Amino acid sequence: MSAKVIMRWNVRQEMESEYFEFLVHELIPSMNKLGISDIQVWYTAYGTCEQKMAEGVMDSTDAMLRVMQTDEWAELTDKLQEFVLDYNQKVIAGTRGFQI
């Protein structure tokens, strides 16, 4: 069964421009290089949860957990956290459609 990583965060107001550049030019391409596919980033327009949610899919939970234990993943998420607050991530069984 496929696995999905779900990441959530709030963008630091003073870093919005830098964050967007990082998202487009580093985060998404790096996730692809690590083998994570079908990457989607969602914006929360209403409610009390985090401002952004991103997700990506791999073929199995084992594969996803292996990627998340690499130095590349740690460096990528550390760099993301320079631009955001309240970062969290989880891995769930992937199904089609929107999951939280």
# chains A, B, ... in the order shown; residues from 1 in each chain; ligands from 1
>>> residues_around(residues="range 47-60 of chain A", least_positions_apart="5", cutoff="12 Å", atoms="only C-alpha atoms", output="short mmCIF file (atom, residue, chain, number, x, y, z; two decimals) with N, CA and C atoms, in the first residue's frame")
data_model
loop_
_atom_site.label_atom_id
_atom_site.label_comp_id
_atom_site.auth_asym_id
_atom_site.auth_seq_id
_atom_site.Cartn_x
_atom_site.Cartn_y
_atom_site.Cartn_z
N MET A 1 0.84 -1.19 0.00
CA MET A 1 0.00 0.00 0.00
C MET A 1 0.88 1.24 0.00
N SER A 2 0.46 2.26 -0.69
CA SER A 2 1.25 3.49 -0.76
C SER A 2 1.22 4.24 0.57
N ALA A 3 2.20 5.12 0.74
CA ALA A 3 2.30 5.95 1.94
C ALA A 3 2.31 7.41 1.52
N LYS A 4 1.77 8.22 2.38
CA LYS A 4 1.70 9.66 2.11
C LYS A 4 2.34 10.40 3.27
N VAL A 5 3.23 11.33 2.96
CA VAL A 5 3.75 12.23 3.99
C VAL A 5 2.89 13.49 3.93
N ILE A 6 2.46 13.92 5.11
CA ILE A 6 1.70 15.17 5.22
C ILE A 6 2.50 16.10 6.11
N MET A 7 2.78 17.28 5.60
CA MET A 7 3.54 18.29 6.33
C MET A 7 2.68 19.55 6.44
N ARG A 8 2.75 20.19 7.60
CA ARG A 8 1.97 21.41 7.83
C ARG A 8 2.86 22.48 8.44
N TRP A 9 2.54 23.74 8.12
CA TRP A 9 3.31 24.85 8.68
C TRP A 9 2.60 26.16 8.45
N ASN A 10 3.11 27.19 9.14
CA ASN A 10 2.72 28.58 8.93
C ASN A 10 3.94 29.31 8.40
N VAL A 11 3.75 30.11 7.37
CA VAL A 11 4.85 30.86 6.77
C VAL A 11 5.14 32.09 7.63
N ARG A 12 6.43 32.33 7.91
CA ARG A 12 6.82 33.55 8.63
C ARG A 12 6.50 34.74 7.73
N GLN A 13 5.77 35.71 8.25
CA GLN A 13 5.35 36.86 7.44
C GLN A 13 6.52 37.55 6.77
N TYR A 19 10.41 32.22 1.15
CA TYR A 19 9.73 30.94 1.29
C TYR A 19 9.24 30.44 -0.07
N PHE A 20 8.60 31.31 -0.82
CA PHE A 20 8.05 30.90 -2.11
C PHE A 20 9.17 30.44 -3.05
N LEU A 23 10.24 27.01 -1.89
CA LEU A 23 9.21 26.02 -2.20
C LEU A 23 9.31 25.56 -3.65
N LEU A 27 12.32 22.85 -2.43
CA LEU A 27 11.54 21.84 -1.70
C LEU A 27 10.90 20.81 -2.64
N ILE A 28 10.11 21.27 -3.57
CA ILE A 28 9.41 20.34 -4.45
C ILE A 28 10.38 19.54 -5.33
N PRO A 29 11.37 20.18 -5.98
CA PRO A 29 12.32 19.38 -6.77
C PRO A 29 13.10 18.38 -5.92
N SER A 30 13.49 18.76 -4.71
CA SER A 30 14.24 17.85 -3.84
C SER A 30 13.39 16.67 -3.39
N MET A 31 12.13 16.92 -3.10
CA MET A 31 11.24 15.81 -2.74
C MET A 31 11.12 14.83 -3.91
N ASN A 32 11.01 15.36 -5.12
CA ASN A 32 10.97 14.50 -6.31
C ASN A 32 12.24 13.68 -6.44
N LYS A 33 13.39 14.29 -6.23
CA LYS A 33 14.66 13.58 -6.34
C LYS A 33 14.77 12.47 -5.30
N LEU A 34 14.14 12.65 -4.16
CA LEU A 34 14.16 11.63 -3.11
C LEU A 34 13.17 10.49 -3.40
N GLY A 35 12.39 10.63 -4.46
CA GLY A 35 11.46 9.58 -4.84
C GLY A 35 10.02 9.81 -4.43
N ILE A 36 9.75 10.97 -3.87
CA ILE A 36 8.38 11.32 -3.45
C ILE A 36 7.68 11.94 -4.65
N SER A 37 6.51 11.41 -4.97
CA SER A 37 5.79 11.89 -6.16
C SER A 37 4.44 12.48 -5.77
N ASP A 38 3.73 12.96 -6.79
CA ASP A 38 2.40 13.54 -6.63
C ASP A 38 2.37 14.57 -5.51
N ILE A 39 3.33 15.48 -5.53
CA ILE A 39 3.46 16.49 -4.48
C ILE A 39 2.44 17.59 -4.71
N GLN A 40 1.72 17.89 -3.65
CA GLN A 40 0.70 18.94 -3.70
C GLN A 40 0.88 19.83 -2.48
N VAL A 41 0.66 21.13 -2.66
CA VAL A 41 0.72 22.08 -1.57
C VAL A 41 -0.61 22.80 -1.51
N TRP A 42 -1.20 22.83 -0.34
CA TRP A 42 -2.52 23.41 -0.14
C TRP A 42 -2.42 24.64 0.76
N LEU A 65 9.64 6.01 5.12
CA LEU A 65 10.39 6.15 6.37
C LEU A 65 11.90 6.13 6.12
N ARG A 66 12.35 5.34 5.15
CA ARG A 66 13.78 5.34 4.80
C ARG A 66 14.22 6.71 4.30
N VAL A 67 13.40 7.31 3.43
CA VAL A 67 13.72 8.65 2.92
C VAL A 67 13.75 9.66 4.06
N MET A 68 12.82 9.57 4.97
CA MET A 68 12.73 10.54 6.06
C MET A 68 13.86 10.38 7.08
N LEU A 80 13.56 24.31 5.35
CA LEU A 80 12.16 24.76 5.32
C LEU A 80 11.83 25.52 6.60
N VAL A 84 9.46 28.99 8.04
CA VAL A 84 8.13 28.68 8.57
C VAL A 84 8.17 28.49 10.09
N LEU A 85 6.97 28.47 10.67
CA LEU A 85 6.76 28.18 12.09
C LEU A 85 5.80 27.00 12.20
N ASP A 86 5.77 26.39 13.36
CA ASP A 86 4.78 25.34 13.66
C ASP A 86 4.85 24.15 12.70
N TYR A 87 6.05 23.79 12.26
CA TYR A 87 6.21 22.69 11.32
C TYR A 87 5.92 21.35 12.00
N ASN A 88 5.17 20.50 11.31
CA ASN A 88 5.00 19.12 11.75
C ASN A 88 4.79 18.24 10.53
N GLN A 89 5.07 16.96 10.71
CA GLN A 89 4.92 16.01 9.61
C GLN A 89 4.46 14.68 10.16
N LYS A 90 3.79 13.92 9.29
CA LYS A 90 3.38 12.57 9.64
C LYS A 90 3.29 11.74 8.38
N VAL A 91 3.34 10.43 8.54
CA VAL A 91 3.20 9.50 7.43
C VAL A 91 1.95 8.67 7.68
N ILE A 92 1.10 8.58 6.67
CA ILE A 92 -0.14 7.81 6.77
C ILE A 92 -0.26 6.90 5.55
N ALA A 93 -1.16 5.94 5.65
CA ALA A 93 -1.48 5.11 4.47
C ALA A 93 -2.11 6.02 3.43
N GLY A 94 -1.59 5.97 2.23
CA GLY A 94 -2.05 6.87 1.18
C GLY A 94 -3.29 6.34 0.47
N THR A 95 -4.26 7.21 0.34
CA THR A 95 -5.43 6.92 -0.48
C THR A 95 -5.59 8.07 -1.45
N ARG A 96 -6.45 7.91 -2.40
CA ARG A 96 -6.68 8.98 -3.37
C ARG A 96 -7.43 10.13 -2.68
N GLY A 97 -7.19 11.30 -3.16
CA GLY A 97 -7.92 12.45 -2.67
C GLY A 97 -7.25 13.14 -1.50
N PHE A 98 -7.95 14.07 -0.96
CA PHE A 98 -7.46 14.93 0.12
C PHE A 98 -7.52 14.19 1.44
N GLN A 99 -6.41 14.18 2.17
CA GLN A 99 -6.35 13.54 3.48
C GLN A 99 -5.71 14.52 4.46
N ILE A 100 -6.15 14.45 5.73
CA ILE A 100 -5.52 15.30 6.76
C ILE A 100 -5.06 14.47 7.93
#
>>> select_by_dssp(residues="chain A", states="strand (DSSP E or B)", output="ChimeraX atom specification")
/A:3-11,37-43,52-58,84-93
>>> write_last_selection(atoms="C-alpha atoms", output="short mmCIF file (atom, residue, chain, number, x, y, z; two decimals), in the first residue's frame")
data_model
loop_
_atom_site.label_atom_id
_atom_site.label_comp_id
_atom_site.auth_asym_id
_atom_site.auth_seq_id
_atom_site.Cartn_x
_atom_site.Cartn_y
_atom_site.Cartn_z
CA ALA A 3 2.30 5.95 1.94
CA LYS A 4 1.70 9.66 2.11
CA VAL A 5 3.75 12.23 3.99
CA ILE A 6 1.70 15.17 5.22
CA MET A 7 3.54 18.29 6.33
CA ARG A 8 1.97 21.41 7.83
CA TRP A 9 3.31 24.85 8.68
CA ASN A 10 2.72 28.58 8.93
CA VAL A 11 4.85 30.86 6.77
CA SER A 37 5.79 11.89 -6.16
CA ASP A 38 2.40 13.54 -6.63
CA ILE A 39 3.46 16.49 -4.48
CA GLN A 40 0.70 18.94 -3.70
CA VAL A 41 0.72 22.08 -1.57
CA TRP A 42 -2.52 23.41 -0.14
CA TYR A 43 -3.35 26.83 1.31
CA LYS A 52 0.00 25.45 4.48
CA MET A 53 -0.23 21.72 4.02
CA ALA A 54 1.96 19.74 1.64
CA GLU A 55 1.77 16.07 0.78
CA GLY A 56 3.62 13.56 -1.34
CA VAL A 57 3.36 9.85 -2.06
CA MET A 58 5.68 6.84 -2.21
CA VAL A 84 8.13 28.68 8.57
CA LEU A 85 6.76 28.18 12.09
CA ASP A 86 4.78 25.34 13.66
CA TYR A 87 6.21 22.69 11.32
CA ASN A 88 5.00 19.12 11.75
CA GLN A 89 4.92 16.01 9.61
CA LYS A 90 3.38 12.57 9.64
CA VAL A 91 3.20 9.50 7.43
CA ILE A 92 -0.14 7.81 6.77
CA ALA A 93 -1.48 5.11 4.47
#
>>> select_by_dssp(residues="chain A", states="alpha helix (DSSP H)", output="PyMOL selection string")
chain A and resi 16-22+28-33+61-68+71-80
>>> write_last_selection(atoms="C-alpha atoms", output="tab-separated table (two decimals), in the first residue's frame")
chain	number	residue	atom	x	y	z
A	16	GLU	CA	7.07	35.05	2.38
A	17	SER	CA	9.09	35.90	-0.73
A	18	GLU	CA	12.08	33.76	0.29
A	19	TYR	CA	9.73	30.94	1.29
A	20	PHE	CA	8.05	30.90	-2.11
A	21	GLU	CA	11.41	30.76	-3.90
A	22	PHE	CA	12.50	27.87	-1.67
A	28	ILE	CA	9.41	20.34	-4.45
A	29	PRO	CA	12.32	19.38	-6.77
A	30	SER	CA	14.24	17.85	-3.84
A	31	MET	CA	11.24	15.81	-2.74
A	32	ASN	CA	10.97	14.50	-6.31
A	33	LYS	CA	14.66	13.58	-6.34
A	61	THR	CA	5.57	3.15	4.25
A	62	ASP	CA	8.99	1.51	4.52
A	63	ALA	CA	10.28	3.49	1.53
A	64	MET	CA	8.88	6.75	2.94
A	65	LEU	CA	10.39	6.15	6.37
A	66	ARG	CA	13.78	5.34	4.80
A	67	VAL	CA	13.72	8.65	2.92
A	68	MET	CA	12.73	10.54	6.06
A	71	ASP	CA	20.56	13.41	5.75
A	72	GLU	CA	18.97	14.92	2.63
A	73	TRP	CA	15.50	14.90	4.23
A	74	ALA	CA	16.85	16.37	7.48
A	75	GLU	CA	18.64	19.14	5.59
A	76	LEU	CA	15.56	19.87	3.49
A	77	THR	CA	13.17	20.11	6.44
A	78	ASP	CA	15.72	22.10	8.47
A	79	LYS	CA	15.97	24.62	5.65
A	80	LEU	CA	12.16	24.76	5.32
